[in-house]
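Engineer: Got start-v3.cif for you, mmCIF, N, CA, C and O atoms:
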data_entry
#
loop_
_atom_site.label_atom_id
_atom_site.label_comp_id
_atom_site.auth_asym_id
_atom_site.auth_seq_id
_atom_site.Cartn_x
_atom_site.Cartn_y
_atom_site.Cartn_z
N SER A 24 -87.98 272.53 -66.94
CA SER A 24 -87.82 273.96 -66.84
C SER A 24 -86.74 274.29 -65.82
O SER A 24 -86.33 273.47 -65.01
N SER A 25 -86.28 275.51 -65.84
CA SER A 25 -85.21 275.90 -64.93
C SER A 25 -85.68 275.89 -63.47
O SER A 25 -84.89 275.66 -62.57
N ASP A 26 -86.98 276.12 -63.22
CA ASP A 26 -87.48 276.08 -61.85
C ASP A 26 -87.37 274.67 -61.27
O ASP A 26 -87.05 274.50 -60.10
N VAL A 27 -87.65 273.67 -62.09
CA VAL A 27 -87.55 272.28 -61.63
C VAL A 27 -86.09 271.95 -61.35
O VAL A 27 -85.77 271.33 -60.33
N CYS A 28 -85.18 272.38 -62.21
CA CYS A 28 -83.75 272.15 -61.98
C CYS A 28 -83.29 272.87 -60.72
O CYS A 28 -82.50 272.32 -59.95
N SER A 29 -83.77 274.07 -60.49
CA SER A 29 -83.41 274.82 -59.28
C SER A 29 -83.87 274.09 -58.03
O SER A 29 -83.16 274.03 -57.03
N SER A 30 -85.08 273.50 -58.08
CA SER A 30 -85.57 272.77 -56.91
C SER A 30 -84.74 271.52 -56.67
O SER A 30 -84.50 271.14 -55.53
N ASP A 31 -84.26 270.87 -57.73
CA ASP A 31 -83.38 269.71 -57.58
C ASP A 31 -82.09 270.10 -56.87
O ASP A 31 -81.66 269.45 -55.92
N LEU A 32 -81.47 271.17 -57.33
CA LEU A 32 -80.21 271.62 -56.74
C LEU A 32 -80.41 272.05 -55.29
O LEU A 32 -79.63 271.70 -54.41
N LEU A 33 -81.47 272.80 -55.04
CA LEU A 33 -81.74 273.26 -53.69
C LEU A 33 -82.03 272.09 -52.76
O LEU A 33 -81.56 272.06 -51.62
N SER A 34 -82.78 271.12 -53.25
CA SER A 34 -83.09 269.96 -52.41
C SER A 34 -81.82 269.22 -52.00
O SER A 34 -81.72 268.73 -50.87
N ASP A 35 -80.84 269.15 -52.89
CA ASP A 35 -79.56 268.51 -52.55
C ASP A 35 -78.85 269.25 -51.42
O ASP A 35 -78.25 268.64 -50.55
N GLU A 36 -78.93 270.57 -51.45
CA GLU A 36 -78.23 271.38 -50.45
C GLU A 36 -78.88 271.33 -49.07
O GLU A 36 -78.17 271.39 -48.07
N VAL A 37 -80.19 271.25 -49.01
CA VAL A 37 -80.87 271.41 -47.72
C VAL A 37 -81.42 270.11 -47.12
O VAL A 37 -81.85 270.10 -45.98
N ALA A 38 -81.38 269.01 -47.87
CA ALA A 38 -81.94 267.76 -47.38
C ALA A 38 -81.30 267.31 -46.07
O ALA A 38 -81.98 266.80 -45.17
N GLN A 39 -80.01 267.51 -45.93
CA GLN A 39 -79.30 267.09 -44.72
C GLN A 39 -79.79 267.82 -43.47
O GLN A 39 -79.56 267.37 -42.35
N HIS A 40 -80.50 268.93 -43.67
CA HIS A 40 -81.04 269.71 -42.56
C HIS A 40 -82.51 269.40 -42.30
O HIS A 40 -83.17 270.10 -41.55
N GLY A 41 -83.03 268.36 -42.97
CA GLY A 41 -84.42 267.97 -42.78
C GLY A 41 -85.41 268.83 -43.54
O GLY A 41 -86.60 268.81 -43.25
N VAL A 42 -84.92 269.57 -44.53
CA VAL A 42 -85.78 270.44 -45.34
C VAL A 42 -86.06 269.75 -46.67
O VAL A 42 -85.13 269.26 -47.32
N THR A 43 -87.30 269.71 -47.06
CA THR A 43 -87.65 269.12 -48.35
C THR A 43 -88.00 270.22 -49.35
O THR A 43 -88.54 271.26 -48.98
N VAL A 44 -87.66 269.98 -50.60
CA VAL A 44 -87.95 270.92 -51.68
C VAL A 44 -88.51 270.11 -52.84
O VAL A 44 -87.86 269.20 -53.35
N ASN A 45 -89.72 270.42 -53.24
CA ASN A 45 -90.36 269.75 -54.36
C ASN A 45 -91.02 270.78 -55.26
O ASN A 45 -91.42 271.85 -54.80
N ALA A 46 -91.13 270.46 -56.53
CA ALA A 46 -91.81 271.33 -57.49
C ALA A 46 -93.22 270.76 -57.72
O ALA A 46 -93.37 269.58 -58.00
N LEU A 47 -94.21 271.62 -57.59
CA LEU A 47 -95.59 271.21 -57.86
C LEU A 47 -95.97 271.71 -59.24
O LEU A 47 -95.80 272.88 -59.57
N LEU A 48 -96.51 270.80 -60.05
CA LEU A 48 -96.84 271.11 -61.44
C LEU A 48 -98.35 271.04 -61.63
O LEU A 48 -98.90 269.96 -61.84
N PRO A 49 -99.02 272.18 -61.56
CA PRO A 49 -100.47 272.15 -61.71
C PRO A 49 -100.87 271.97 -63.17
O PRO A 49 -100.18 272.41 -64.08
N GLY A 50 -101.97 271.29 -63.36
CA GLY A 50 -102.55 271.18 -64.69
C GLY A 50 -103.70 272.16 -64.81
O GLY A 50 -103.77 273.17 -64.11
N TYR A 51 -104.61 271.86 -65.72
CA TYR A 51 -105.80 272.69 -65.88
C TYR A 51 -106.61 272.61 -64.58
O TYR A 51 -107.11 271.55 -64.23
N THR A 52 -106.73 273.74 -63.90
CA THR A 52 -107.41 273.78 -62.61
C THR A 52 -108.52 274.81 -62.64
O THR A 52 -108.35 275.91 -63.18
N ARG A 53 -109.66 274.44 -62.08
CA ARG A 53 -110.82 275.34 -62.05
C ARG A 53 -110.50 276.52 -61.13
O ARG A 53 -110.47 276.39 -59.91
N THR A 54 -110.23 277.66 -61.73
CA THR A 54 -109.93 278.88 -61.00
C THR A 54 -110.83 279.99 -61.52
O THR A 54 -111.51 279.82 -62.55
N GLU A 55 -110.81 281.13 -60.85
CA GLU A 55 -111.58 282.28 -61.34
C GLU A 55 -111.15 282.63 -62.77
O GLU A 55 -111.99 282.93 -63.61
N ARG A 56 -109.86 282.61 -63.02
CA ARG A 56 -109.36 282.97 -64.34
C ARG A 56 -109.85 281.99 -65.41
O ARG A 56 -110.24 282.40 -66.50
N MET A 57 -109.82 280.70 -65.10
CA MET A 57 -110.32 279.72 -66.08
C MET A 57 -111.80 279.94 -66.34
O MET A 57 -112.25 279.82 -67.49
N THR A 58 -112.55 280.28 -65.30
CA THR A 58 -113.98 280.57 -65.46
C THR A 58 -114.18 281.80 -66.33
O THR A 58 -115.01 281.81 -67.24
N GLU A 59 -113.38 282.85 -66.07
CA GLU A 59 -113.45 284.08 -66.88
C GLU A 59 -113.17 283.78 -68.35
O GLU A 59 -113.77 284.38 -69.24
N LEU A 60 -112.24 282.87 -68.61
CA LEU A 60 -111.89 282.50 -69.98
C LEU A 60 -112.89 281.54 -70.61
O LEU A 60 -112.80 281.24 -71.80
N GLY A 61 -113.83 281.05 -69.80
CA GLY A 61 -114.85 280.15 -70.32
C GLY A 61 -114.39 278.72 -70.50
O GLY A 61 -115.01 277.96 -71.25
N VAL A 62 -113.30 278.34 -69.84
CA VAL A 62 -112.78 276.98 -69.96
C VAL A 62 -113.67 276.04 -69.16
O VAL A 62 -113.96 276.29 -68.00
N THR A 63 -114.11 274.96 -69.80
CA THR A 63 -115.02 274.00 -69.16
C THR A 63 -114.41 272.60 -69.17
O THR A 63 -113.44 272.34 -69.90
N ASP A 64 -115.01 271.71 -68.38
CA ASP A 64 -114.59 270.31 -68.38
C ASP A 64 -114.64 269.74 -69.79
O ASP A 64 -113.74 269.00 -70.21
N ALA A 65 -115.69 270.07 -70.52
CA ALA A 65 -115.86 269.54 -71.88
C ALA A 65 -114.71 269.97 -72.79
O ALA A 65 -114.27 269.19 -73.64
N GLN A 66 -114.19 271.18 -72.58
CA GLN A 66 -113.10 271.66 -73.44
C GLN A 66 -111.78 270.96 -73.16
O GLN A 66 -110.95 270.84 -74.06
N VAL A 67 -111.56 270.51 -71.95
CA VAL A 67 -110.29 269.83 -71.64
C VAL A 67 -110.41 268.31 -71.73
O VAL A 67 -109.41 267.61 -71.67
N ALA A 68 -111.61 267.80 -71.90
CA ALA A 68 -111.84 266.35 -71.88
C ALA A 68 -110.97 265.59 -72.87
O ALA A 68 -110.50 264.49 -72.58
N ASP A 69 -110.73 266.15 -74.04
CA ASP A 69 -109.92 265.46 -75.04
C ASP A 69 -108.42 265.54 -74.77
O ASP A 69 -107.64 264.80 -75.35
N GLN A 70 -108.02 266.46 -73.89
CA GLN A 70 -106.60 266.66 -73.61
C GLN A 70 -106.14 266.02 -72.30
O GLN A 70 -104.96 265.72 -72.15
N VAL A 71 -107.05 265.85 -71.37
CA VAL A 71 -106.72 265.38 -70.02
C VAL A 71 -107.35 264.02 -69.79
O VAL A 71 -108.58 263.88 -69.90
N PRO A 72 -106.55 262.99 -69.48
CA PRO A 72 -107.12 261.66 -69.25
C PRO A 72 -108.22 261.63 -68.19
O PRO A 72 -109.15 260.83 -68.31
N ALA A 73 -108.15 262.51 -67.18
CA ALA A 73 -109.20 262.54 -66.15
C ALA A 73 -110.50 263.12 -66.69
O ALA A 73 -111.54 263.05 -66.03
N ARG A 74 -110.45 263.72 -67.87
CA ARG A 74 -111.62 264.25 -68.57
C ARG A 74 -112.32 265.40 -67.83
O ARG A 74 -113.51 265.61 -67.97
N ARG A 75 -111.54 266.15 -67.03
CA ARG A 75 -112.14 267.27 -66.31
C ARG A 75 -111.04 268.20 -65.83
O ARG A 75 -109.87 267.86 -65.83
N LEU A 76 -111.46 269.38 -65.40
CA LEU A 76 -110.56 270.32 -64.74
C LEU A 76 -110.26 269.81 -63.33
O LEU A 76 -111.10 269.17 -62.70
N GLY A 77 -109.09 270.12 -62.83
CA GLY A 77 -108.78 269.83 -61.44
C GLY A 77 -109.45 270.86 -60.54
O GLY A 77 -109.78 271.96 -60.97
N GLU A 78 -109.63 270.49 -59.31
CA GLU A 78 -110.19 271.41 -58.32
C GLU A 78 -109.06 271.98 -57.48
O GLU A 78 -108.10 271.27 -57.16
N PRO A 79 -109.16 273.26 -57.10
CA PRO A 79 -108.10 273.86 -56.27
C PRO A 79 -107.82 273.05 -55.00
O PRO A 79 -106.67 272.94 -54.58
N GLU A 80 -108.85 272.44 -54.44
CA GLU A 80 -108.67 271.66 -53.21
C GLU A 80 -107.78 270.43 -53.46
O GLU A 80 -107.04 270.00 -52.56
N GLU A 81 -107.83 269.88 -54.66
CA GLU A 81 -106.99 268.73 -54.98
C GLU A 81 -105.52 269.14 -55.03
O GLU A 81 -104.64 268.43 -54.51
N PHE A 82 -105.26 270.28 -55.63
CA PHE A 82 -103.89 270.78 -55.69
C PHE A 82 -103.42 271.15 -54.28
O PHE A 82 -102.29 270.84 -53.88
N GLY A 83 -104.30 271.78 -53.52
CA GLY A 83 -103.96 272.16 -52.15
C GLY A 83 -103.66 270.95 -51.28
O GLY A 83 -102.77 270.98 -50.43
N ALA A 84 -104.41 269.87 -51.47
CA ALA A 84 -104.18 268.65 -50.70
C ALA A 84 -102.79 268.07 -51.00
O ALA A 84 -102.11 267.58 -50.09
N LEU A 85 -102.37 268.13 -52.26
CA LEU A 85 -101.04 267.66 -52.61
C LEU A 85 -99.97 268.52 -51.94
O LEU A 85 -99.02 267.99 -51.36
N ALA A 86 -100.15 269.83 -52.00
CA ALA A 86 -99.19 270.73 -51.37
C ALA A 86 -99.12 270.50 -49.87
O ALA A 86 -98.04 270.44 -49.28
N ALA A 87 -100.28 270.33 -49.24
CA ALA A 87 -100.32 270.10 -47.79
C ALA A 87 -99.63 268.78 -47.44
O ALA A 87 -98.88 268.71 -46.46
N PHE A 88 -99.87 267.74 -48.24
CA PHE A 88 -99.21 266.46 -47.98
C PHE A 88 -97.70 266.60 -48.07
O PHE A 88 -96.97 266.14 -47.20
N LEU A 89 -97.21 267.24 -49.14
CA LEU A 89 -95.76 267.36 -49.32
C LEU A 89 -95.11 268.20 -48.23
O LEU A 89 -93.91 268.07 -47.98
N ALA A 90 -95.88 269.05 -47.57
CA ALA A 90 -95.36 269.86 -46.47
C ALA A 90 -95.51 269.16 -45.12
O ALA A 90 -95.08 269.70 -44.10
N SER A 91 -96.08 267.97 -45.11
CA SER A 91 -96.37 267.28 -43.86
C SER A 91 -95.26 266.30 -43.47
O SER A 91 -94.43 265.91 -44.29
N GLN A 92 -95.29 265.86 -42.22
CA GLN A 92 -94.31 264.90 -41.71
C GLN A 92 -94.34 263.57 -42.47
O GLN A 92 -93.28 263.00 -42.74
N PRO A 93 -95.52 263.03 -42.84
CA PRO A 93 -95.50 261.76 -43.59
C PRO A 93 -94.76 261.85 -44.93
O PRO A 93 -94.38 260.82 -45.48
N ALA A 94 -94.53 263.04 -45.44
CA ALA A 94 -93.81 263.21 -46.70
C ALA A 94 -92.37 263.68 -46.49
O ALA A 94 -91.71 264.12 -47.43
N ALA A 95 -91.87 263.55 -45.29
CA ALA A 95 -90.54 264.08 -44.95
C ALA A 95 -89.40 263.44 -45.75
O ALA A 95 -88.32 264.01 -45.83
N TYR A 96 -89.63 262.28 -46.34
CA TYR A 96 -88.58 261.60 -47.11
C TYR A 96 -88.72 261.85 -48.61
O TYR A 96 -87.97 261.33 -49.42
N ILE A 97 -89.68 262.67 -49.00
CA ILE A 97 -89.90 263.01 -50.41
C ILE A 97 -89.27 264.37 -50.66
O ILE A 97 -89.72 265.38 -50.13
N THR A 98 -88.23 264.40 -51.48
CA THR A 98 -87.57 265.66 -51.79
C THR A 98 -86.94 265.58 -53.17
O THR A 98 -86.63 264.50 -53.68
N GLY A 99 -86.81 266.73 -53.81
CA GLY A 99 -86.20 266.80 -55.13
C GLY A 99 -87.09 266.28 -56.24
O GLY A 99 -86.61 265.94 -57.32
N GLN A 100 -88.39 266.26 -56.00
CA GLN A 100 -89.32 265.70 -56.97
C GLN A 100 -90.13 266.79 -57.66
O GLN A 100 -90.41 267.83 -57.08
N ALA A 101 -90.52 266.52 -58.88
CA ALA A 101 -91.49 267.35 -59.60
C ALA A 101 -92.77 266.53 -59.65
O ALA A 101 -92.81 265.46 -60.27
N VAL A 102 -93.81 266.98 -58.95
CA VAL A 102 -95.04 266.22 -58.81
C VAL A 102 -96.16 266.94 -59.55
O VAL A 102 -96.49 268.08 -59.24
N ALA A 103 -96.74 266.25 -60.52
CA ALA A 103 -97.81 266.84 -61.33
C ALA A 103 -99.17 266.52 -60.72
O ALA A 103 -99.43 265.39 -60.31
N ALA A 104 -100.01 267.53 -60.66
CA ALA A 104 -101.43 267.37 -60.30
C ALA A 104 -102.20 267.86 -61.52
O ALA A 104 -102.69 268.98 -61.57
N ASP A 105 -102.24 267.00 -62.54
CA ASP A 105 -102.72 267.45 -63.85
C ASP A 105 -103.69 266.49 -64.51
O ASP A 105 -103.92 266.57 -65.72
N GLY A 106 -104.27 265.58 -63.75
CA GLY A 106 -105.22 264.64 -64.33
C GLY A 106 -104.64 263.70 -65.36
O GLY A 106 -105.36 263.12 -66.16
N GLY A 107 -103.31 263.56 -65.37
CA GLY A 107 -102.65 262.67 -66.32
C GLY A 107 -102.18 263.34 -67.60
O GLY A 107 -101.67 262.69 -68.49
N TRP A 108 -102.30 264.66 -67.67
CA TRP A 108 -101.96 265.37 -68.91
C TRP A 108 -100.51 265.17 -69.31
O TRP A 108 -100.22 264.87 -70.48
N LEU A 109 -99.56 265.34 -68.39
CA LEU A 109 -98.14 265.21 -68.74
C LEU A 109 -97.79 263.83 -69.27
O LEU A 109 -96.96 263.69 -70.16
N ARG A 110 -98.39 262.82 -68.72
CA ARG A 110 -98.11 261.46 -69.15
C ARG A 110 -98.39 261.27 -70.64
O ARG A 110 -97.70 260.53 -71.31
N GLY A 111 -99.39 261.97 -71.14
CA GLY A 111 -99.75 261.83 -72.55
C GLY A 111 -99.02 262.76 -73.49
O GLY A 111 -99.24 262.72 -74.68
N HIS A 112 -98.11 263.59 -72.96
CA HIS A 112 -97.41 264.55 -73.83
C HIS A 112 -95.91 264.42 -73.74
O HIS A 112 -95.27 264.21 -72.87
#
Represent the supplied structure as structure tokens.
Structural biologist:
Amino acid sequence: SSDVCSSDLLSDEVAQHGVTVNALLPGYTRTERMTELGVTDAQVADQVPARRLGEPEEFGALAAFLASQPAAYITGQAVAADGGWLRGH
């Protein structure tokens, strides 16, 4: 997508200043909206190798890691938190 390309270009421009730019790609995640729509683990089981919805805390942990000092050398990446969904498509 164009957002991923934009993050690649931006990461090239700002990396020399110690700034990292990564794109986070969420998969099916248990949110209020998914609950309102009636989406369940059973409904995504055939589509997602992890056989369940992701939890918001899992996505948040990825975001927190990428914003942390131990991830300072990771930039220009598109990182999926999708239970393996992208790999199968």
Engineer: The PyMOL selection byres ((chain A and resi 70) around 7) - which residues does that actually catch in the file I just gave you? List them as a list in words.
Structural biologist: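 Applied to this file, the PyMOL selection byres ((chain A and resi 70) around 7) returns Ala65, Gln66, Val67, Ala68, Asp69, Val71, Pro72, Ala73, Arg74, Asp105, Gly106, Gly107, Trp108, Leu109 and Gly111 of chain A.
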Engineer: So which residues touch region 86-91 of chain A within 10 Å, counting only C-alpha atoms, skipping near sequence neighbours fewer than 5 positions away, as a compact mmCIF listing (two decimals) with N, CA, C and O atoms, in the frame of the given file?
Structural biologist:
# COMPACT_ATOMS: atom_id res chain seq x y z
N VAL A 42 -84.92 269.57 -44.53
CA VAL A 42 -85.78 270.44 -45.34
C VAL A 42 -86.06 269.75 -46.67
O VAL A 42 -85.13 269.26 -47.32
N THR A 43 -87.30 269.71 -47.06
CA THR A 43 -87.65 269.12 -48.35
C THR A 43 -88.00 270.22 -49.35
O THR A 43 -88.54 271.26 -48.98
N VAL A 44 -87.66 269.98 -50.60
CA VAL A 44 -87.95 270.92 -51.68
C VAL A 44 -88.51 270.11 -52.84
O VAL A 44 -87.86 269.20 -53.35
N ASN A 45 -89.72 270.42 -53.24
CA ASN A 45 -90.36 269.75 -54.36
C ASN A 45 -91.02 270.78 -55.26
O ASN A 45 -91.42 271.85 -54.80
N ALA A 46 -91.13 270.46 -56.53
CA ALA A 46 -91.81 271.33 -57.49
C ALA A 46 -93.22 270.76 -57.72
O ALA A 46 -93.37 269.58 -58.00
N LEU A 47 -94.21 271.62 -57.59
CA LEU A 47 -95.59 271.21 -57.86
C LEU A 47 -95.97 271.71 -59.24
O LEU A 47 -95.80 272.88 -59.57
N GLU A 80 -108.85 272.44 -54.44
CA GLU A 80 -108.67 271.66 -53.21
C GLU A 80 -107.78 270.43 -53.46
O GLU A 80 -107.04 270.00 -52.56
N GLU A 81 -107.83 269.88 -54.66
CA GLU A 81 -106.99 268.73 -54.98
C GLU A 81 -105.52 269.14 -55.03
O GLU A 81 -104.64 268.43 -54.51
N TYR A 96 -89.63 262.28 -46.34
CA TYR A 96 -88.58 261.60 -47.11
C TYR A 96 -88.72 261.85 -48.61
O TYR A 96 -87.97 261.33 -49.42
N ILE A 97 -89.68 262.67 -49.00
CA ILE A 97 -89.90 263.01 -50.41
C ILE A 97 -89.27 264.37 -50.66
O ILE A 97 -89.72 265.38 -50.13
N THR A 98 -88.23 264.40 -51.48
CA THR A 98 -87.57 265.66 -51.79
C THR A 98 -86.94 265.58 -53.17
O THR A 98 -86.63 264.50 -53.68
N VAL A 102 -93.81 266.98 -58.95
CA VAL A 102 -95.04 266.22 -58.81
C VAL A 102 -96.16 266.94 -59.55
O VAL A 102 -96.49 268.08 -59.24
N ALA A 104 -100.01 267.53 -60.66
CA ALA A 104 -101.43 267.37 -60.30
C ALA A 104 -102.20 267.86 -61.52
O ALA A 104 -102.69 268.98 -61.57
Engineer: Check the DSSP output for the backbone and give back, as a PyMOL selection string, the residues of chain A in strand (DSSP E).
Structural biologist: chain A and resi 46-49+101-104
Engineer: In Å, with one decimal, what is the gap from atom N of Leu48 (chain A) to atom N of Ala103 (chain A)?
Structural biologist: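 According to the coordinates, atom N of Leu48 (chain A) and atom N of Ala103 (chain A) are separated by 4.6 Å.
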Engineer: Mind pulling up the distance from atom O of Ala94 (chain A) to atom C of Asp31 (chain A)?
Structural biologist: 14.7 Å
Engineer: What does the distance between CA of Pro49 (chain A) and atom N of Arg75 (chain A) come to in Å, to one decimal place?
Structural biologist: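 Between these atoms lies a distance of 13.7 Å.
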Engineer: Can you find the residues with an atom no farther than 7 Å from (-109.0, 276.6, -61.4), counting only C-alpha atoms, and report them as an NGL selection string?
Structural biologist: :A and (51-55 or 57 or 77-79)
Engineer: Counting only N, CA, C and O atoms, which of A:Arg110, A:Leu76, A:Gly99, A:Phe82 gets nearest to Leu32 (chain A)?
Structural biologist: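 So, comparing all the options, the nearest one is A:Gly99.
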Engineer: Just list the residues in chain A DSSP gives helix (DSSP H, G or I) on the backbone, as a PyMOL selection string.
Structural biologist: chain A and resi 25-40+55-59+64-67+79-89+92-94+109-111
